[in-house]
Amino acid sequence: MAVERTDFIRDIIEEDLRTGRHDRVVTRFPPEPNGYLHIGHAKSICVNFGVALDYQGKTNLRYDDTNPTKEDVEYVESIERDVRWLGFEPAAVLFSADYFGQMYELAERLVREGKAYVCDLTDEQIREYRGTLSEPGRPSPFRDRSVEENLDLLRRMKAGEFPDGARVLRAKIDMASSNMKMRDPLLYRIRHAHHHRSGDAWVIYPMYDWAHPLEDAIEGITHSICTLEFENNRELYDWVLDNTGPWNPRPHQYEMARLVLDYTVMSKRKLLTLVKDGHVNGWDDPRMPTISGMRRRGYSAEAIRAFCDMIGIAKANSSVDIDKLEYCIREDLNKAAPRVLGVLRPIEVELTGWPGGTEQLDAPFFPPDVGKPGTRAVPFSGTILIDRDDWHDDPPKDYKRLAPGRTVRLRYGYCITADEVVERDAAGGVTKLRATVHLETKGGKNPDGGQKVSGVIHWVDAATSVPVEIRLYEQLFKVPKPEEGGQDFLENINPNSLEVVRGARVEASLAAAEVGARFQLERVGYFVVDPDTTPGALVLNRTITLRGEAVKAAVANAQLTVGVSVSAAGTVSGPATAAAPKNPKAQSRPKTKSPAEQRAEARARDSELAAAFTSLGTTLGEDSADLLAGDRETLGVFRTLASASSDDLAAKWIINELPRVLGDKPIGGIDTAEVGKLFAALQAGTVAPTAGKKALAAIVGGGKTFEAAQADVAAPAIDLGAAIDAVIAANPEKAAQYKAGKTGLLGFFVGQVMKASPNADAAAVNQAVRERLA
RNA sequence: UCGGGGAUCGUCUAAUGGCAGGACAGGAGCCUUUGGAGCUCCCUAUCAAGGUUCGAAUCCUUGUCCCCGAACCA
């Protein structure tokens with residue numbers, strides 16, 4: 001059952017399984033069908049299906065289709081296709097809409113139990129009554145309607161008697177809650193709209209916060225994983241389940257950080273804009289971060305899954321380097337994509353010394369290190385095509401391709417030496433060359449004439465190669481963070497994100513390549529056959545470049561353009577993104593009251609606390625006095641324990657050690673008599689601090705008596721020296737490292753000894769280890 | 001009457017009081033019929049300041065910075 005990978009979700013699951021809270025794992029992937037799935041969803045899919053797979057559980061695909069005005073069957077179809085393409089099999093494909101009946105029954109139950117009411121306020125009034133982040137809300141005037149009236153109104157809402165927006169059903173929770181989500185949240189709204197699944201059966205539709213926990217509970221979901229922005233919703237999620245159950249299993253919501261990726265945008269709204277406004281050619285444009293776009297781009301499901309594994313699961317907001325995705329794509333393609341030859345912008349090369357006719361060269365599909373079998377015949381004759389990038393009239397140093405008088409090898413073929421330029425275009429670019437072929441160099445041999453072979457270049461046979469349209473893609477955005485600082489992301493669109501190359505040629509074996517087939521055009525990049533391909537008109541998308549010099553140069557250029565510049569006036573100015581103002585929303589947020597302020601306020605209200613603070617301050621210092629005299633419970637506990645030991649000892653232990661063992665429990669709940677005995681022993685020195693911490697945990701956390709706890713932690717009568725020698729003998733190399741100066745290992749040795757003799761006096765162990773290794 | 005979260009190499013992420021580890025990116029070298037791949041080595045981090053402890057990324061305090069919440073969206 002144990003799983004190698006560790007993340008906080010799996011930690012929770014292991015704990016739940018261990019404690020018996022759940023005996024199986026059921027998760028769900030709950031997209032709203034209002035757009036196509038993107039790489040961010042892929043992360044969620046991999047997490048939800050991945051953890052279920054790890055623990056032999058199951059995962060439902062559930063459409064969260066509670067808003068008929070935004071959703072569409074086109075999206076429903078694309079979503080299931082994408083999930084399956086990614087390699088996951090849903091245990092069931094379900095729709096929120098199919099639970100509308102059950103949800104409604106539960107809503108009536110809430111009304112009957114006086115926990116929900118029909119509210120006639122307008123949306124504007126509801127907002128007003130809700131209050132603000134720092135002020136409580138006010139009760140709706142309709143909050144105290146009778147159960148009968150609420151039931152009648154709810155039924156008439158359902159029956160379609162009222163127009164859109166006339167009434168809503170709200171939970172009756174707490175208009176003064178500091179969590180805005182709990183201020184009588186809306187459960188149902190009226191929408192006379194056609195639903196893609198339920199048709200016209202309903203005119204009231206449940207809100208997310210009502211629907212989602214119920215869907216989870218109905219399906220028997222155990223772990224409901226969503227993103228960070230729903231943290232505030234969790235309290236309401238729990239409220240709904242607690243007031244509609246009992247549910248078994250009872251689902252719990254956990255939140256993880258959503259994926260943010262460089263050089264792209266992820267919100268469905270922005271993606272929809274890109275599609276609708278024609279910045280890209282549809283949801284499956286290879287530049288889109290959608291799963292369908294990436295598929296068309298040539299990314300494999302394996303690569304995307306590897307990426308999702310690589311980025312991990314955590315709660316910290318983060319932004320992932322695009323390099324990680326590209327690494328996964330290349331790593332997968334390197335092993336999976338057969339190598340073939342193709343030339344983007346051809347230069348014709350007429351070969352001097354070729355005897356005539358066409359030879360079939362035998363070329364492997366994979367290099368030796370990939371270790372996959374397979375070869376194909378590549379035609380070679382007197383006229384070949386090479387890439388413009390592989391010719392330079394005046395080569396820079398380190399240049400490893402063709403130039404006047406230079407010799408290169410044609411991959412899988414012969415070496416040639418460039419003799420003369422035959423033809424140039426208007427811009428001066430070479431279009432035709434003449435070169436001498438060295439017939440003796442077949443099979444990797446060097447030219448007889450002793451010519452130095454500069455490098456290996458790719459080529460195709462002029463007569464038999466096939467024409468192809470090649471689409472070269474770059475990032476859709478010019479900058480890593482197109483949305484940063486409230487910028488209009490559309491202004492950061494990269495105008496060069498698509499370059500169509502016509503006149504390219506690929507080797508004859510590709511003539512019948514199927515749509516979706518992936519190849520490496522050697523030295524050029526990875527490519528996939530695009531669906532736009534028609535018989536005789538091949539279209540190839542560049543999935544990704546090879547890692548190498550060309551890429552590095554492009555990156556260097558990009559960095560140059562966004563780099564810091566010095567203005568004429570001599571002041572240094574960065575790019576717009578660097579100067580971007582802080583989040584204006586965050587700026588408008590009021591400042592939160594700190595615990596220190598709250599304690600100070602408590603003293604202002606309570607003269608006894610204030611007096612205690614003053615008197616304690618003189619002996620313990622202001623900081624300790626502040627913490628101890630912040631509320632009556634803490635102060636009471638301190639006084640009791642201090643009288644059993646001393647002010648100083650009680651203060652240190654209450655401030656530094658108690659919180660850890662207390663967890664969420666209130667300090668007033670501890671057994672001061674037993675803890676008092678412990679503190680007295682600590683004060684007397686009959687219990688060492690290390691043992692004291694364990695004893696404290698046993699008393700406060702485990703409900704033991706002091707005597708029982710003390711017996712548990714009694715120092716063993718062991719030979720410390722022997723124990724230390726044993727650890728050192730077991731780790732001779734670490735001992736050597738320590739002696740060589742890696743003193744950080746002291747902790748390791750002390751830890752090992754403590755593990756072997758749990759109740760030894762750590763201070764003594766520390767001292768003894770130090771001496772023994774000196 | 002504000003509340004809820006978060007901060008570890010450039011980036012992502014481990015370490016659950018006991019060796020700050022891995023991956024990506026970057027650098028150097030080896031190898032190579034792809035300037036690919038592979039191999040070797042290197043660089044680089046606990047937000048800050050105090051405290052508790054034999055020992056702190058981890059516990060306590062204060063401060064700083066970031067994210068989320070006031071849709072009849074999800």
# chains A, B, ... in the order shown; residues from 1 in each chain; ligands from 1

call {"tool": "select_by_dssp", "arguments": {"residues": "stretch 173-251 of chain A", "states": "strand (DSSP E)", "output": "list in words"}}
result
Leu186, Leu187, Tyr188, Arg189, Ile190, Ile204, Tyr205, Pro206, His223, Ser224, Ile225, Cys226 and Thr227 of chain A

call {"tool": "write_last_selection", "arguments": {"atoms": "C-alpha atoms", "output": "PDB file, in the first residue's frame"}}
result
ATOM      1  CA  LEU A 186     -27.018  31.251  -2.093  1.00  0.00           C
ATOM      2  CA  LEU A 187     -28.065  27.682  -2.770  1.00  0.00           C
ATOM      3  CA  TYR A 188     -30.376  28.056  -5.768  1.00  0.00           C
ATOM      4  CA  ARG A 189     -31.039  30.720  -8.349  1.00  0.00           C
ATOM      5  CA  ILE A 190     -33.740  30.910 -11.014  1.00  0.00           C
ATOM      6  CA  ILE A 204     -33.768  26.558 -10.725  1.00  0.00           C
ATOM      7  CA  TYR A 205     -30.126  25.556 -10.663  1.00  0.00           C
ATOM      8  CA  PRO A 206     -27.920  24.799  -7.657  1.00  0.00           C
ATOM      9  CA  HIS A 223     -10.874  12.867  -0.991  1.00  0.00           C
ATOM     10  CA  SER A 224     -12.143  15.884  -2.863  1.00  0.00           C
ATOM     11  CA  ILE A 225      -9.127  17.679  -4.239  1.00  0.00           C
ATOM     12  CA  CYS A 226      -9.469  21.211  -5.565  1.00  0.00           C
ATOM     13  CA  THR A 227      -7.344  24.322  -5.894  1.00  0.00           C
TER      14      THR A 227
END

call {"tool": "interface_residues", "arguments": {"of": "chain A", "to": "chain B", "cutoff": "6 Å", "atoms": "only C-alpha atoms (C1' of nucleotides)", "output": "short mmCIF file (atom, residue, chain, number, x, y, z; two decimals) with all heavy atoms, in the first residue's frame"}}
result
data_model
loop_
_atom_site.label_atom_id
_atom_site.label_comp_id
_atom_site.auth_asym_id
_atom_site.auth_seq_id
_atom_site.Cartn_x
_atom_site.Cartn_y
_atom_site.Cartn_z
N THR A 132 -18.87 43.72 4.24
CA THR A 132 -17.58 43.74 3.55
C THR A 132 -16.60 42.82 4.27
O THR A 132 -16.96 42.19 5.25
CB THR A 132 -16.98 45.16 3.52
OG1 THR A 132 -16.61 45.50 4.85
CG2 THR A 132 -17.98 46.17 2.98
N LEU A 133 -15.37 42.83 3.79
CA LEU A 133 -14.35 41.97 4.39
C LEU A 133 -14.14 42.30 5.86
O LEU A 133 -13.84 41.44 6.66
CB LEU A 133 -13.03 42.12 3.62
CG LEU A 133 -13.05 41.60 2.19
CD1 LEU A 133 -11.74 41.93 1.50
CD2 LEU A 133 -13.29 40.09 2.17
N SER A 134 -14.29 43.58 6.19
CA SER A 134 -13.99 43.98 7.57
C SER A 134 -15.22 44.40 8.36
O SER A 134 -15.09 44.89 9.47
CB SER A 134 -12.95 45.11 7.55
OG SER A 134 -13.38 46.14 6.70
N GLU A 135 -16.40 44.25 7.76
CA GLU A 135 -17.63 44.59 8.51
C GLU A 135 -18.62 43.45 8.37
O GLU A 135 -18.73 42.84 7.31
CB GLU A 135 -18.27 45.86 7.94
CG GLU A 135 -17.50 47.11 8.23
CD GLU A 135 -17.86 48.21 7.23
OE1 GLU A 135 -18.97 48.17 6.68
OE2 GLU A 135 -17.00 49.07 7.00
N SER A 178 -16.90 35.78 9.89
CA SER A 178 -15.72 36.44 9.31
C SER A 178 -15.40 35.81 7.95
O SER A 178 -14.65 36.37 7.17
CB SER A 178 -14.54 36.35 10.26
OG SER A 178 -14.34 35.00 10.63
N ASN A 179 -15.97 34.66 7.69
CA ASN A 179 -15.82 34.04 6.38
C ASN A 179 -17.03 34.42 5.53
O ASN A 179 -18.15 33.99 5.78
CB ASN A 179 -15.74 32.51 6.55
CG ASN A 179 -15.58 31.80 5.22
OD1 ASN A 179 -15.64 32.41 4.16
ND2 ASN A 179 -15.39 30.49 5.29
N ARG A 189 -30.58 29.52 -7.66
CA ARG A 189 -31.04 30.72 -8.35
C ARG A 189 -31.96 30.29 -9.49
O ARG A 189 -31.91 29.13 -9.94
CB ARG A 189 -29.87 31.57 -8.86
CG ARG A 189 -29.13 31.08 -10.09
CD ARG A 189 -28.22 29.92 -9.83
NE ARG A 189 -26.98 30.03 -10.61
CZ ARG A 189 -26.13 29.05 -10.77
NH1 ARG A 189 -26.35 27.85 -10.23
NH2 ARG A 189 -25.02 29.22 -11.46
N GLU A 229 -7.90 28.44 -4.30
CA GLU A 229 -8.88 29.51 -4.15
C GLU A 229 -10.16 29.03 -3.49
O GLU A 229 -11.03 29.83 -3.17
CB GLU A 229 -9.17 30.19 -5.49
CG GLU A 229 -9.87 29.32 -6.52
CD GLU A 229 -8.89 28.59 -7.42
OE1 GLU A 229 -7.76 28.31 -6.97
OE2 GLU A 229 -9.26 28.30 -8.57
N ASN A 232 -11.45 29.03 1.27
CA ASN A 232 -12.52 29.68 2.03
C ASN A 232 -13.84 28.93 1.91
O ASN A 232 -14.72 29.11 2.74
CB ASN A 232 -12.71 31.12 1.54
CG ASN A 232 -11.48 31.96 1.80
OD1 ASN A 232 -11.07 32.11 2.93
ND2 ASN A 232 -10.88 32.49 0.74
N ILE A 311 6.47 18.12 -11.48
CA ILE A 311 6.22 19.40 -10.79
C ILE A 311 5.69 19.22 -9.38
O ILE A 311 5.71 20.15 -8.59
CB ILE A 311 5.24 20.28 -11.59
CG1 ILE A 311 3.91 19.57 -11.79
CG2 ILE A 311 5.85 20.68 -12.92
CD1 ILE A 311 2.87 20.40 -12.51
N ALA A 316 2.02 25.86 -2.01
CA ALA A 316 2.61 27.17 -2.28
C ALA A 316 2.33 27.56 -3.73
O ALA A 316 2.51 26.77 -4.64
CB ALA A 316 4.10 27.13 -2.03
N ASP A 321 8.83 26.63 -14.68
CA ASP A 321 9.63 26.92 -15.87
C ASP A 321 9.13 26.12 -17.06
O ASP A 321 8.91 24.92 -16.95
CB ASP A 321 11.08 26.46 -15.62
CG ASP A 321 11.96 27.58 -15.17
OD1 ASP A 321 11.47 28.72 -15.11
OD2 ASP A 321 13.14 27.31 -14.89
N LYS A 324 10.90 22.77 -17.99
CA LYS A 324 10.57 21.45 -17.44
C LYS A 324 9.66 20.69 -18.39
O LYS A 324 9.85 19.51 -18.64
CB LYS A 324 9.88 21.62 -16.09
CG LYS A 324 10.83 21.92 -14.96
CD LYS A 324 10.17 21.60 -13.63
CE LYS A 324 11.12 21.85 -12.49
NZ LYS A 324 11.56 23.26 -12.41
N GLU A 522 16.28 14.86 -38.42
CA GLU A 522 17.58 14.94 -37.77
C GLU A 522 18.20 16.33 -37.87
O GLU A 522 18.19 16.95 -38.93
CB GLU A 522 18.54 13.88 -38.36
CG GLU A 522 18.09 12.49 -38.00
CD GLU A 522 19.22 11.48 -37.95
OE1 GLU A 522 20.27 11.81 -37.36
OE2 GLU A 522 19.04 10.38 -38.50
N ARG A 523 18.68 16.79 -36.76
CA ARG A 523 19.33 18.10 -36.59
C ARG A 523 18.36 19.26 -36.73
O ARG A 523 18.77 20.42 -36.64
CB ARG A 523 20.50 18.28 -37.58
CG ARG A 523 21.57 17.17 -37.46
CD ARG A 523 22.94 17.69 -37.82
NE ARG A 523 22.90 18.43 -39.06
CZ ARG A 523 23.39 19.64 -39.23
NH1 ARG A 523 24.01 20.24 -38.26
NH2 ARG A 523 23.29 20.23 -40.38
N ASN A 656 7.02 27.93 25.05
CA ASN A 656 7.76 27.25 23.98
C ASN A 656 7.38 25.79 23.75
O ASN A 656 7.51 25.30 22.63
CB ASN A 656 9.26 27.32 24.26
CG ASN A 656 9.79 28.74 24.14
OD1 ASN A 656 9.64 29.35 23.10
ND2 ASN A 656 10.34 29.25 25.22
N LEU A 745 27.43 16.65 11.15
CA LEU A 745 27.08 15.26 11.40
C LEU A 745 26.89 14.95 12.87
O LEU A 745 26.44 13.86 13.23
CB LEU A 745 28.15 14.33 10.81
CG LEU A 745 28.12 14.20 9.28
CD1 LEU A 745 29.37 13.51 8.78
CD2 LEU A 745 26.88 13.44 8.85
N GLY A 747 24.69 16.04 14.82
CA GLY A 747 23.25 15.78 14.99
C GLY A 747 22.89 14.38 14.54
O GLY A 747 22.06 13.72 15.16
N PHE A 748 23.55 13.94 13.46
CA PHE A 748 23.28 12.59 12.96
C PHE A 748 23.63 11.55 14.01
O PHE A 748 22.86 10.65 14.32
CB PHE A 748 24.08 12.34 11.68
CG PHE A 748 24.16 10.89 11.29
CD1 PHE A 748 23.08 10.25 10.69
CD2 PHE A 748 25.31 10.16 11.54
CE1 PHE A 748 23.16 8.91 10.34
CE2 PHE A 748 25.39 8.82 11.19
CZ PHE A 748 24.31 8.20 10.59
N GLY A 751 21.38 11.72 17.02
CA GLY A 751 20.08 11.17 16.61
C GLY A 751 20.09 9.65 16.60
O GLY A 751 19.16 9.01 17.06
N ALA A 762 19.84 13.47 26.22
CA ALA A 762 20.45 13.92 24.96
C ALA A 762 21.63 14.84 25.18
O ALA A 762 22.60 14.82 24.43
CB ALA A 762 19.40 14.61 24.09
N ALA A 763 21.54 15.65 26.21
CA ALA A 763 22.65 16.58 26.47
C ALA A 763 23.91 15.79 26.77
O ALA A 763 25.00 16.11 26.30
CB ALA A 763 22.29 17.50 27.63
N ASN A 766 25.14 14.11 23.57
CA ASN A 766 25.79 15.10 22.74
C ASN A 766 27.23 15.32 23.20
O ASN A 766 28.18 15.27 22.40
CB ASN A 766 24.99 16.41 22.82
CG ASN A 766 25.50 17.46 21.86
OD1 ASN A 766 26.64 17.89 21.98
ND2 ASN A 766 24.68 17.84 20.90
#

call {"tool": "residues_around", "arguments": {"residues": "A:Leu628", "least_positions_apart": "3", "cutoff": "8 Å", "atoms": "only C-alpha atoms (C1' of nucleotides)", "output": "VMD selection string"}}
result
chain A and resid 613 624 to 625 631 634 to 635 638 651 655

call {"tool": "write_last_selection", "arguments": {"atoms": "C-alpha atoms", "output": "compact mmCIF listing (two decimals), in the first residue's frame"}}
result
# COMPACT_ATOMS: atom_id res chain seq x y z
CA PHE A 613 1.08 42.00 32.56
CA SER A 624 6.88 36.73 28.09
CA ALA A 625 4.47 38.79 30.13
CA ASP A 631 -6.13 35.99 27.99
CA THR A 634 -3.47 31.21 29.74
CA LEU A 635 -2.85 33.41 32.74
CA PHE A 638 0.50 29.95 34.17
CA ALA A 651 6.85 30.68 31.46
CA ILE A 655 5.40 29.55 25.83

call {"tool": "residues_around", "arguments": {"residues": "A:Ile313", "least_positions_apart": "5", "cutoff": "12 Å", "atoms": "only C-alpha atoms (C1' of nucleotides)", "output": "mmCIF file with N, CA and C atoms (P, O5', C5', C4', C3', O3' and C1' of nucleotides), in the first residue's frame"}}
result
data_model
loop_
_atom_site.group_PDB
_atom_site.id
_atom_site.type_symbol
_atom_site.label_atom_id
_atom_site.label_comp_id
_atom_site.auth_asym_id
_atom_site.auth_seq_id
_atom_site.Cartn_x
_atom_site.Cartn_y
_atom_site.Cartn_z
ATOM 1 N N ARG A 5 6.349 7.979 -3.712
ATOM 2 C CA ARG A 5 6.240 9.427 -3.814
ATOM 3 C C ARG A 5 5.566 9.993 -2.574
ATOM 4 N N THR A 6 6.029 11.134 -2.170
ATOM 5 C CA THR A 6 5.429 11.726 -0.994
ATOM 6 C C THR A 6 4.972 13.140 -1.301
ATOM 7 N N ASP A 7 3.732 13.428 -0.969
ATOM 8 C CA ASP A 7 3.207 14.775 -1.066
ATOM 9 C C ASP A 7 2.111 14.867 -0.016
ATOM 10 N N PHE A 8 1.627 16.057 0.254
ATOM 11 C CA PHE A 8 0.727 16.175 1.405
ATOM 12 C C PHE A 8 -0.596 15.456 1.180
ATOM 13 N N ILE A 9 -1.033 15.327 -0.064
ATOM 14 C CA ILE A 9 -2.284 14.605 -0.332
ATOM 15 C C ILE A 9 -2.104 13.128 0.023
ATOM 16 N N ARG A 10 -1.013 12.555 -0.468
ATOM 17 C CA ARG A 10 -0.773 11.142 -0.184
ATOM 18 C C ARG A 10 -0.520 10.916 1.299
ATOM 19 N N ASP A 11 0.097 11.895 1.961
ATOM 20 C CA ASP A 11 0.272 11.792 3.411
ATOM 21 C C ASP A 11 -1.087 11.662 4.092
ATOM 22 N N LYS A 43 -2.765 18.520 -14.760
ATOM 23 C CA LYS A 43 -2.201 18.311 -13.426
ATOM 24 C C LYS A 43 -3.268 17.744 -12.492
ATOM 25 N N SER A 44 -4.438 18.362 -12.502
ATOM 26 C CA SER A 44 -5.519 17.899 -11.639
ATOM 27 C C SER A 44 -5.911 16.459 -11.965
ATOM 28 N N CYS A 46 -3.999 14.162 -13.348
ATOM 29 C CA CYS A 46 -2.924 13.264 -12.903
ATOM 30 C C CYS A 46 -2.947 13.081 -11.392
ATOM 31 N N VAL A 47 -3.274 14.129 -10.659
ATOM 32 C CA VAL A 47 -3.333 14.008 -9.202
ATOM 33 C C VAL A 47 -4.502 13.117 -8.806
ATOM 34 N N ASN A 48 -5.681 13.425 -9.325
ATOM 35 C CA ASN A 48 -6.867 12.688 -8.910
ATOM 36 C C ASN A 48 -6.822 11.219 -9.333
ATOM 37 N N GLY A 50 -4.120 9.709 -10.333
ATOM 38 C CA GLY A 50 -2.851 9.156 -9.847
ATOM 39 C C GLY A 50 -2.943 8.637 -8.424
ATOM 40 N N VAL A 51 -3.519 9.420 -7.520
ATOM 41 C CA VAL A 51 -3.584 8.940 -6.138
ATOM 42 C C VAL A 51 -4.532 7.745 -6.038
ATOM 43 N N ILE A 225 -10.295 16.811 -4.078
ATOM 44 C CA ILE A 225 -9.127 17.679 -4.239
ATOM 45 C C ILE A 225 -9.438 18.826 -5.188
ATOM 46 N N CYS A 226 -9.220 20.045 -4.721
ATOM 47 C CA CYS A 226 -9.469 21.211 -5.565
ATOM 48 C C CYS A 226 -8.288 22.168 -5.429
ATOM 49 N N THR A 227 -8.461 23.379 -5.923
ATOM 50 C CA THR A 227 -7.344 24.322 -5.894
ATOM 51 C C THR A 227 -7.491 25.333 -4.762
ATOM 52 N N LEU A 228 -6.379 26.028 -4.513
ATOM 53 C CA LEU A 228 -6.238 26.909 -3.365
ATOM 54 C C LEU A 228 -7.347 27.951 -3.194
ATOM 55 N N TYR A 254 -9.635 18.980 0.083
ATOM 56 C CA TYR A 254 -8.237 19.383 0.252
ATOM 57 C C TYR A 254 -7.850 20.260 -0.915
ATOM 58 N N GLU A 255 -7.022 21.249 -0.626
ATOM 59 C CA GLU A 255 -6.689 22.210 -1.672
ATOM 60 C C GLU A 255 -5.203 22.158 -2.008
ATOM 61 N N MET A 256 -4.901 22.202 -3.283
ATOM 62 C CA MET A 256 -3.498 22.246 -3.735
ATOM 63 C C MET A 256 -3.320 23.443 -4.679
ATOM 64 N N ALA A 257 -2.068 23.795 -4.910
ATOM 65 C CA ALA A 257 -1.805 24.930 -5.797
ATOM 66 C C ALA A 257 -2.124 24.544 -7.237
ATOM 67 N N ARG A 258 -2.744 25.459 -7.951
ATOM 68 C CA ARG A 258 -2.985 25.207 -9.360
ATOM 69 C C ARG A 258 -1.685 25.413 -10.133
ATOM 70 N N LEU A 259 -1.630 24.870 -11.326
ATOM 71 C CA LEU A 259 -0.426 25.012 -12.145
ATOM 72 C C LEU A 259 -0.397 26.373 -12.840
ATOM 73 N N PHE A 307 5.592 15.202 -16.922
ATOM 74 C CA PHE A 307 5.692 16.593 -16.477
ATOM 75 C C PHE A 307 4.899 16.798 -15.188
ATOM 76 N N CYS A 308 3.680 16.293 -15.167
ATOM 77 C CA CYS A 308 2.840 16.467 -13.977
ATOM 78 C C CYS A 308 3.472 15.791 -12.763
ATOM 79 N N SER A 318 3.070 28.801 -7.191
ATOM 80 C CA SER A 318 4.353 28.753 -7.865
ATOM 81 C C SER A 318 4.140 28.823 -9.362
ATOM 82 P P C B 12 9.094 28.383 -8.236
ATOM 83 O "O5'" C B 12 8.925 26.800 -8.350
ATOM 84 C "C5'" C B 12 7.974 26.251 -9.254
ATOM 85 C "C4'" C B 12 8.085 24.754 -9.272
ATOM 86 C "C3'" C B 12 7.995 24.058 -7.915
ATOM 87 O "O3'" C B 12 6.663 23.975 -7.440
ATOM 88 C "C1'" C B 12 9.768 23.120 -9.148
ATOM 89 P P U B 13 6.410 23.860 -5.840
ATOM 90 O "O5'" U B 13 7.221 22.532 -5.452
ATOM 91 C "C5'" U B 13 6.707 21.248 -5.721
ATOM 92 C "C4'" U B 13 7.740 20.218 -5.365
ATOM 93 C "C3'" U B 13 7.929 19.948 -3.886
ATOM 94 O "O3'" U B 13 6.916 19.052 -3.432
ATOM 95 C "C1'" U B 13 10.045 20.108 -4.947
ATOM 96 P P A B 14 6.748 18.759 -1.863
ATOM 97 O "O5'" A B 14 8.017 17.811 -1.645
ATOM 98 C "C5'" A B 14 8.584 17.709 -0.423
ATOM 99 C "C4'" A B 14 9.624 16.625 -0.423
ATOM 100 C "C3'" A B 14 10.129 16.362 0.966
ATOM 101 O "O3'" A B 14 9.295 15.414 1.596
ATOM 102 C "C1'" A B 14 11.968 16.727 -0.476
#

call {"tool": "residues_around", "arguments": {"residues": "A:Gly413", "least_positions_apart": "3", "cutoff": "12 Å", "atoms": "only C-alpha atoms (C1' of nucleotides)", "output": "compact mmCIF listing (two decimals) with C-alpha atoms (C1' of nucleotides), in the first residue's frame"}}
result
# COMPACT_ATOMS: atom_id res chain seq x y z
CA LEU A 341 15.76 13.39 -42.98
CA GLU A 359 21.51 4.33 -54.76
CA GLN A 360 19.40 3.14 -51.81
CA LEU A 361 21.25 3.90 -48.61
CA ASP A 362 20.30 1.87 -45.58
CA ALA A 363 19.53 4.14 -42.62
CA ALA A 377 16.08 2.82 -47.58
CA VAL A 378 17.00 6.42 -48.37
CA PRO A 379 17.53 7.23 -52.05
CA PHE A 380 20.73 9.06 -53.00
CA SER A 381 21.62 10.43 -56.43
CA ILE A 384 20.70 16.52 -53.39
CA VAL A 408 31.24 17.52 -44.51
CA ARG A 409 29.57 14.17 -44.22
CA LEU A 410 26.04 13.69 -45.47
CA ILE A 416 31.28 16.00 -50.00
CA VAL A 437 31.41 13.56 -53.70
CA HIS A 438 33.97 11.22 -52.15
CA LEU A 439 32.71 7.79 -53.14
CA GLU A 440 35.19 5.99 -50.88
CA THR A 441 33.67 7.53 -47.71
CA LYS A 442 30.56 5.41 -47.51
CA GLY A 443 29.97 3.72 -44.18
CA GLY A 444 31.78 6.34 -42.13
CA LYS A 445 35.19 6.20 -43.76
CA ASN A 446 37.31 9.31 -44.20
CA VAL A 456 27.67 15.87 -40.38
CA ILE A 457 24.72 17.53 -42.09
CA HIS A 458 21.28 16.34 -43.12
CA TRP A 459 20.06 16.22 -46.72
CA VAL A 460 17.44 14.75 -49.03
CA ASP A 461 17.57 13.43 -52.55
C1' U B 33 28.22 9.71 -38.53

call {"tool": "select_by_dssp", "arguments": {"residues": "stretch 88-220 of chain A", "states": "alpha helix (DSSP H)", "output": "compact mmCIF listing (two decimals) with C-alpha atoms, in the first residue's frame"}}
result
# COMPACT_ATOMS: atom_id res chain seq x y z
CA PHE A 100 -30.60 17.77 -9.48
CA GLY A 101 -33.53 15.80 -8.05
CA GLN A 102 -31.63 14.60 -4.98
CA MET A 103 -30.14 18.00 -4.41
CA TYR A 104 -33.56 19.56 -4.53
CA GLU A 105 -34.96 17.08 -2.02
CA LEU A 106 -32.12 17.94 0.35
CA ALA A 107 -32.84 21.62 -0.14
CA GLU A 108 -36.44 21.03 0.95
CA ARG A 109 -35.11 19.17 3.97
CA LEU A 110 -32.97 22.15 4.87
CA VAL A 111 -36.02 24.39 4.58
CA ARG A 112 -38.13 22.08 6.74
CA ASP A 123 -28.69 40.73 -6.35
CA GLU A 124 -27.57 44.26 -5.62
CA GLN A 125 -29.30 44.27 -2.25
CA ILE A 126 -27.88 40.87 -1.40
CA ARG A 127 -24.41 42.21 -2.02
CA GLU A 128 -25.13 45.20 0.15
CA TYR A 129 -26.54 43.15 3.02
CA VAL A 147 -41.03 27.06 7.13
CA GLU A 148 -44.40 26.79 5.38
CA GLU A 149 -43.89 29.99 3.43
CA ASN A 150 -40.33 29.02 2.48
CA LEU A 151 -41.45 25.61 1.32
CA ASP A 152 -44.27 27.07 -0.71
CA LEU A 153 -42.02 29.68 -2.30
CA LEU A 154 -39.28 27.15 -3.05
CA ARG A 155 -41.77 24.86 -4.76
CA ARG A 156 -43.13 27.72 -6.78
CA MET A 157 -39.57 28.73 -7.74
CA LYS A 158 -39.07 25.19 -8.97
CA TYR A 208 -21.41 25.38 -6.74
CA ASP A 209 -21.18 25.47 -2.95
CA TRP A 210 -24.42 23.52 -2.60
CA ALA A 211 -23.89 21.15 -5.48
CA HIS A 212 -20.27 20.18 -5.10
CA PRO A 213 -20.27 18.65 -1.61
CA LEU A 214 -23.50 16.81 -2.38
CA GLU A 215 -22.14 15.40 -5.62
CA ASP A 216 -19.06 14.22 -3.77
CA ALA A 217 -21.13 12.66 -1.00
CA ILE A 218 -23.60 11.00 -3.36
CA GLU A 219 -20.76 9.43 -5.30
